Amino acid sequence: MSNKKILVLPGDGIGNEVMHEVLNIIDWLSKTRSMSFDISERLVGGTAYDKEGDSISDETMQEALDSDAVLFGAVGGPKWDDVEREKRPEAALLRLRKELDLFANLRPAVVFDALADSSPLKLNIVKGLDILILRELTSGVYFGQPRGISKVNDSEEKAIDTQSYTTSEVSRITRVAFDLARLRNNKVTSVEKSNVMETGMFWKKIVSHLHQNEFQDVELNHMLADNCAMQLVRNPKQFDVILTDNLFGDLLSDIAAMLTGSLGMLPSASLGPLSENGSRSAMYEPVHGSAPDIAGEGKANPLAMIMSFAMMLKYSFNMIEDSNLIEKAVQSVLSLGLRTSDISDGANKVVSTQDMGKAVIEELKKLTGN
Ligand code: IPM
Ligand code: MG
C-alpha cells in the first residue's frame, strides 16, 4: 500500500509553532506505530503572500488536490489588513474549501473534565458538554453571486452579498448530519431563519423531507438561528448535532467554542464528498486563529492542532485506535495539571508550546509502553 500523502500548511503566526508539535508526534508515531506518511510542507496565508505573491499559489493548490489530507495551521494578521480581498490570507482558506469541495465542516465543542472550570459559564451548565456543530462550508453567502459594490449614482454606492442554496447542497450536508448523529446521541437540531429568509424556508423543507424519507430513527428539531445562539448559552447540553448553513455556522461555532472556555483546545475537520473508492478530500485545522500577538513566544496551546491531527487519523485514514490514543494522551496531560497560559487558572503549572508537545509524546509512550 502506498503511503498516505499529507500536505502540511502551517500558515501564519502561531500556526508554525503548533504545527511543529504535531510534526514531532507524527515522527514518533512513524517510528513506533509502523505508520508512514509522505509529508510535504508549503506556505499559505500572509506568509505565502509575502514570499509568493498570493495567499495560496496554484502549485500549492494542486498539491492540496493531490494529497490524501491537508493539515492546516492558521492564517492572517494585522500585517496583511490592507491587502486586496482576493489575496488576503483568508482567501487561501476559502479557495481550499471551494476547490477541494469541503462542504462538511465538523466543529466539536467538548468540555474536558479537567478544564470545566475555564468556561465563563457556570460549571453545571457546561460540565460534560459534548456537542457537534456541523456547518455547510462551500455555499451560502460566502460564495453566492451576485456580490460586489457598485455605483448607484454620484453620491450612492451599493454593496451586495447573496445567500443561496440548491437542493443538492442542502441535502448532502443534511445526510452528513443524520449519519453523524447516528454515531452519537441520535439528535439533530437544524438551524436557519425560516421566519425571515427564503433560504431558511427552503433549508427547513429539505431537512424535513429527508428526515421523513430516510432518517426517521433520528430525533429532529428545527430552531431559529437567533434562538439557537441564546439556547447555546442558556442550556447547551440540550444539543447533540447542530446542522446549519455557512454564515450561521460561523457565528454559532464561535459561541460553542467559548462555552468550553478554551479556544486553544478545539479541533475541526472539513470533509468533501465520498468518492466511489471510499476516499474523500479533507482538511483539518484548529478553530483558533493565528494569534499574532503571541506568535513566536512559545505561549500557544498546541492541543487543538494535535487533536485536529487525531481527527485526520480518524476521518481520513480510519486509524481509530491511534486517534483515540492521541486523545487519551491529551486528556492525561491535562489531568496531570499541565496548562499553556490560555487554559491556566493561575493554580496550575504553565508550560510552553514545546513542553506541552513533549508532554503529549511522554504520555503516548506511557500508554503504549514504547
Ligand atoms: C472560520 C473563520 C473563517 C470563516 C474566516 C477566517 C474566513 O472565521 O473558519 O470560522 O469566516 O469561515
Ligand atoms: Mg469563524
# chains A, B, ... in the order shown; residues from 1 in each chain; ligands from 1

call {"tool": "residues_near_ligand", "arguments": {"ligand": "ligand 2", "cutoff": "10 Å", "atoms": "only C-alpha atoms and all ligand atoms", "output": "VMD selection string"}}
result
chain A and resid 246 to 255 287 to 289

call {"tool": "closest_residue", "arguments": {"among": "A:Thr340, A:Ser55, A:Asn105, A:Ser164", "to": "ligand 1", "atoms": "only C-alpha atoms and all ligand atoms"}}
result
A:Asn105

call {"tool": "select_by_dssp", "arguments": {"residues": "stretch 39-91 of chain A", "states": "alpha helix (DSSP H)", "output": "list in words"}}
result
Gly46, Thr47, Ala48, Tyr49, Asp50, Lys51, Glu52, Asp58, Glu59, Thr60, Met61, Gln62, Glu63, Ala64, Leu65, Asp66, Pro89, Glu90 and Ala91 of chain A

call {"tool": "select_by_dssp", "arguments": {"residues": "stretch 156-334 of chain A", "states": "strand (DSSP E)", "output": "mmCIF file with N, CA and C atoms, in the first residue's frame"}}
result
data_model
loop_
_atom_site.group_PDB
_atom_site.id
_atom_site.type_symbol
_atom_site.label_atom_id
_atom_site.label_comp_id
_atom_site.auth_asym_id
_atom_site.auth_seq_id
_atom_site.Cartn_x
_atom_site.Cartn_y
_atom_site.Cartn_z
ATOM 1 N N GLU A 157 -23.359 54.400 -3.326
ATOM 2 C CA GLU A 157 -22.895 53.095 -3.793
ATOM 3 C C GLU A 157 -23.774 52.041 -3.133
ATOM 4 N N LYS A 158 -23.650 50.792 -3.604
ATOM 5 C CA LYS A 158 -24.479 49.738 -3.057
ATOM 6 C C LYS A 158 -23.640 48.464 -2.953
ATOM 7 N N ALA A 159 -23.717 47.792 -1.810
ATOM 8 C CA ALA A 159 -22.968 46.540 -1.623
ATOM 9 C C ALA A 159 -23.947 45.376 -1.595
ATOM 10 N N ILE A 160 -23.594 44.293 -2.287
ATOM 11 C CA ILE A 160 -24.473 43.121 -2.324
ATOM 12 C C ILE A 160 -23.708 41.841 -1.992
ATOM 13 N N ASP A 161 -24.273 41.038 -1.082
ATOM 14 C CA ASP A 161 -23.868 39.648 -0.917
ATOM 15 C C ASP A 161 -25.113 38.816 -1.158
ATOM 16 N N THR A 162 -24.943 37.607 -1.633
ATOM 17 C CA THR A 162 -26.116 36.786 -1.938
ATOM 18 C C THR A 162 -26.095 35.492 -1.141
ATOM 19 N N LYS A 187 -29.474 12.836 17.653
ATOM 20 C CA LYS A 187 -30.343 14.006 17.685
ATOM 21 C C LYS A 187 -29.760 15.118 16.805
ATOM 22 N N VAL A 188 -30.589 15.666 15.929
ATOM 23 C CA VAL A 188 -30.146 16.767 15.068
ATOM 24 C C VAL A 188 -31.031 17.981 15.311
ATOM 25 N N THR A 189 -30.399 19.143 15.508
ATOM 26 C CA THR A 189 -31.143 20.395 15.530
ATOM 27 C C THR A 189 -30.751 21.166 14.278
ATOM 28 N N SER A 190 -31.719 21.402 13.403
ATOM 29 C CA SER A 190 -31.444 22.114 12.160
ATOM 30 C C SER A 190 -31.749 23.593 12.379
ATOM 31 N N VAL A 191 -30.787 24.440 12.037
ATOM 32 C CA VAL A 191 -30.872 25.850 12.408
ATOM 33 C C VAL A 191 -30.881 26.749 11.176
ATOM 34 N N GLU A 192 -31.862 27.633 11.093
ATOM 35 C CA GLU A 192 -31.989 28.584 9.975
ATOM 36 C C GLU A 192 -32.830 29.774 10.438
ATOM 37 N N GLU A 219 -33.812 11.751 16.040
ATOM 38 C CA GLU A 219 -34.678 12.837 16.521
ATOM 39 C C GLU A 219 -34.296 14.140 15.804
ATOM 40 N N LEU A 220 -35.296 14.842 15.274
ATOM 41 C CA LEU A 220 -35.022 16.102 14.561
ATOM 42 C C LEU A 220 -35.806 17.247 15.178
ATOM 43 N N ASN A 221 -35.108 18.358 15.438
ATOM 44 C CA ASN A 221 -35.768 19.599 15.844
ATOM 45 C C ASN A 221 -35.340 20.702 14.896
ATOM 46 N N HIS A 222 -36.223 21.683 14.709
ATOM 47 C CA HIS A 222 -35.845 22.884 13.949
ATOM 48 C C HIS A 222 -35.742 24.042 14.925
ATOM 49 N N MET A 223 -34.783 24.909 14.702
ATOM 50 C CA MET A 223 -34.640 26.057 15.607
ATOM 51 C C MET A 223 -34.212 27.282 14.817
ATOM 52 N N LEU A 224 -34.746 28.429 15.174
ATOM 53 C CA LEU A 224 -34.318 29.666 14.524
ATOM 54 C C LEU A 224 -32.923 30.041 15.037
ATOM 55 N N VAL A 241 -26.154 17.215 17.634
ATOM 56 C CA VAL A 241 -25.592 17.742 16.387
ATOM 57 C C VAL A 241 -26.403 18.970 15.974
ATOM 58 N N ILE A 242 -25.727 20.081 15.766
ATOM 59 C CA ILE A 242 -26.382 21.283 15.240
ATOM 60 C C ILE A 242 -26.018 21.390 13.766
ATOM 61 N N LEU A 243 -27.040 21.347 12.918
ATOM 62 C CA LEU A 243 -26.831 21.406 11.471
ATOM 63 C C LEU A 243 -27.190 22.805 10.990
ATOM 64 N N THR A 244 -26.244 23.484 10.338
ATOM 65 C CA THR A 244 -26.583 24.836 9.915
ATOM 66 C C THR A 244 -25.772 25.298 8.700
ATOM 67 N N PRO A 267 -10.447 21.332 17.863
ATOM 68 C CA PRO A 267 -10.044 20.926 16.518
ATOM 69 C C PRO A 267 -11.220 21.049 15.553
ATOM 70 N N SER A 268 -10.959 20.911 14.259
ATOM 71 C CA SER A 268 -12.078 20.825 13.315
ATOM 72 C C SER A 268 -11.666 20.002 12.104
ATOM 73 N N ALA A 269 -12.677 19.480 11.419
ATOM 74 C CA ALA A 269 -12.445 18.725 10.195
ATOM 75 C C ALA A 269 -13.357 19.286 9.115
ATOM 76 N N SER A 270 -12.850 19.392 7.902
ATOM 77 C CA SER A 270 -13.679 19.799 6.767
ATOM 78 C C SER A 270 -13.570 18.718 5.711
ATOM 79 N N LEU A 271 -14.718 18.134 5.363
ATOM 80 C CA LEU A 271 -14.704 16.945 4.511
ATOM 81 C C LEU A 271 -15.414 17.183 3.190
ATOM 82 N N ALA A 282 -10.078 16.204 2.346
ATOM 83 C CA ALA A 282 -10.276 16.586 3.739
ATOM 84 C C ALA A 282 -9.199 17.546 4.208
ATOM 85 N N MET A 283 -9.617 18.450 5.077
ATOM 86 C CA MET A 283 -8.661 19.379 5.668
ATOM 87 C C MET A 283 -8.958 19.482 7.160
ATOM 88 N N TYR A 284 -7.906 19.525 7.959
ATOM 89 C CA TYR A 284 -8.048 19.539 9.417
ATOM 90 C C TYR A 284 -7.342 20.763 9.961
ATOM 91 N N GLU A 285 -8.026 21.506 10.804
ATOM 92 C CA GLU A 285 -7.398 22.717 11.339
ATOM 93 C C GLU A 285 -7.944 23.045 12.722
ATOM 94 N N PRO A 286 -7.111 23.680 13.541
ATOM 95 C CA PRO A 286 -7.614 24.122 14.842
ATOM 96 C C PRO A 286 -8.602 25.269 14.636
#

call {"tool": "closest_residue", "arguments": {"among": "A:Ile14, A:Leu266, A:Val110, A:Leu259", "to": "A:Val75", "atoms": "only C-alpha atoms"}}
result
A:Ile14

call {"tool": "residues_around", "arguments": {"residues": "A:Ser171", "least_positions_apart": "6", "cutoff": "8 Å", "atoms": "only C-alpha atoms", "output": "PyMOL selection string"}}
result
chain A and resi 206-207+210

call {"tool": "write_last_selection", "arguments": {"atoms": "N, CA and C atoms", "output": "PDB file, in the first residue's frame"}}
result
ATOM      1  N   ILE A 206     -36.211  20.943   3.037  1.00  0.00           N
ATOM      2  CA  ILE A 206     -35.374  19.827   2.559  1.00  0.00           C
ATOM      3  C   ILE A 206     -34.965  18.915   3.711  1.00  0.00           C
ATOM      4  N   VAL A 207     -34.592  19.529   4.851  1.00  0.00           N
ATOM      5  CA  VAL A 207     -34.184  18.726   6.007  1.00  0.00           C
ATOM      6  C   VAL A 207     -35.362  17.845   6.468  1.00  0.00           C
ATOM      7  N   LEU A 210     -35.987  14.898   3.968  1.00  0.00           N
ATOM      8  CA  LEU A 210     -35.005  13.814   4.084  1.00  0.00           C
ATOM      9  C   LEU A 210     -35.231  13.015   5.365  1.00  0.00           C
TER      10      LEU A 210
END

call {"tool": "atom_distance", "arguments": {"atom1": "atom CA of A:Ala329", "atom2": "atom CA of A:Phe37"}}
result
21.0 Å

call {"tool": "closest_residue", "arguments": {"among": "A:Asp117, A:Asp179, A:Asp130, A:Glu276", "to": "A:Lys237", "atoms": "only C-alpha atoms"}}
result
A:Asp130

call {"tool": "atom_distance", "arguments": {"atom1": "atom CA of A:Val218", "atom2": "atom CA of A:Ala116"}}
result
29.1 Å

call {"tool": "atom_distance", "arguments": {"atom1": "atom CA of A:His209", "atom2": "atom CA of A:Arg135"}}
result
19.3 Å

call {"tool": "closest_residue", "arguments": {"among": "A:Cys228, A:Met312, A:Val141, A:Ala114", "to": "A:Leu338", "atoms": "only C-alpha atoms"}}
result
A:Ala114

call {"tool": "closest_residue", "arguments": {"among": "A:Ala48, A:Met307, A:Ala109, A:Ala104", "to": "A:Arg88", "atoms": "only C-alpha atoms"}}
result
A:Ala48

call {"tool": "closest_residue", "arguments": {"among": "A:Trp203, A:Phe317, A:Phe309, A:Phe103", "to": "ligand 1", "atoms": "only C-alpha atoms and all ligand atoms"}}
result
A:Phe103

call {"tool": "closest_atom_pairs", "arguments": {"of": "stretch 145-247 of chain A", "to": "stretch 119-127 of chain A", "cutoff": "12 Å", "atoms": "only C-alpha atoms", "output": "Markdown table"}}
result
| residue | atom | partner | partner_atom | distance |
| --- | --- | --- | --- | --- |
| A:Gln231 | CA | A:Ile125 | CA | 11.3 |
| A:Leu232 | CA | A:Ile125 | CA | 10.0 |
| A:Val233 | CA | A:Leu121 | CA | 7.9 |
| A:Arg234 | CA | A:Ile125 | CA | 7.8 |
| A:Asn235 | CA | A:Ile125 | CA | 6.3 |
| A:Pro236 | CA | A:Val126 | CA | 7.1 |
| A:Lys237 | CA | A:Val126 | CA | 7.2 |
| A:Gln238 | CA | A:Ile125 | CA | 10.3 |
| A:Phe239 | CA | A:Val126 | CA | 11.8 |

call {"tool": "residues_around", "arguments": {"residues": "stretch 348-358 of chain A", "least_positions_apart": "6", "cutoff": "9 Å", "atoms": "only C-alpha atoms", "output": "list in words"}}
result
Glu17, Val18, His20, Glu21, Val22, Asn24, Ile25, Glu297, Gly298, Lys299, Ala300, Asn301, Pro302, Leu303, Ile306, Val333, Gly337, Leu338, Arg339, Thr340 and Ser341 of chain A

call {"tool": "residues_around", "arguments": {"residues": "A:Glu41", "least_positions_apart": "6", "cutoff": "8 Å", "atoms": "only C-alpha atoms", "output": "ChimeraX atom specification"}}
result
/A:7-10
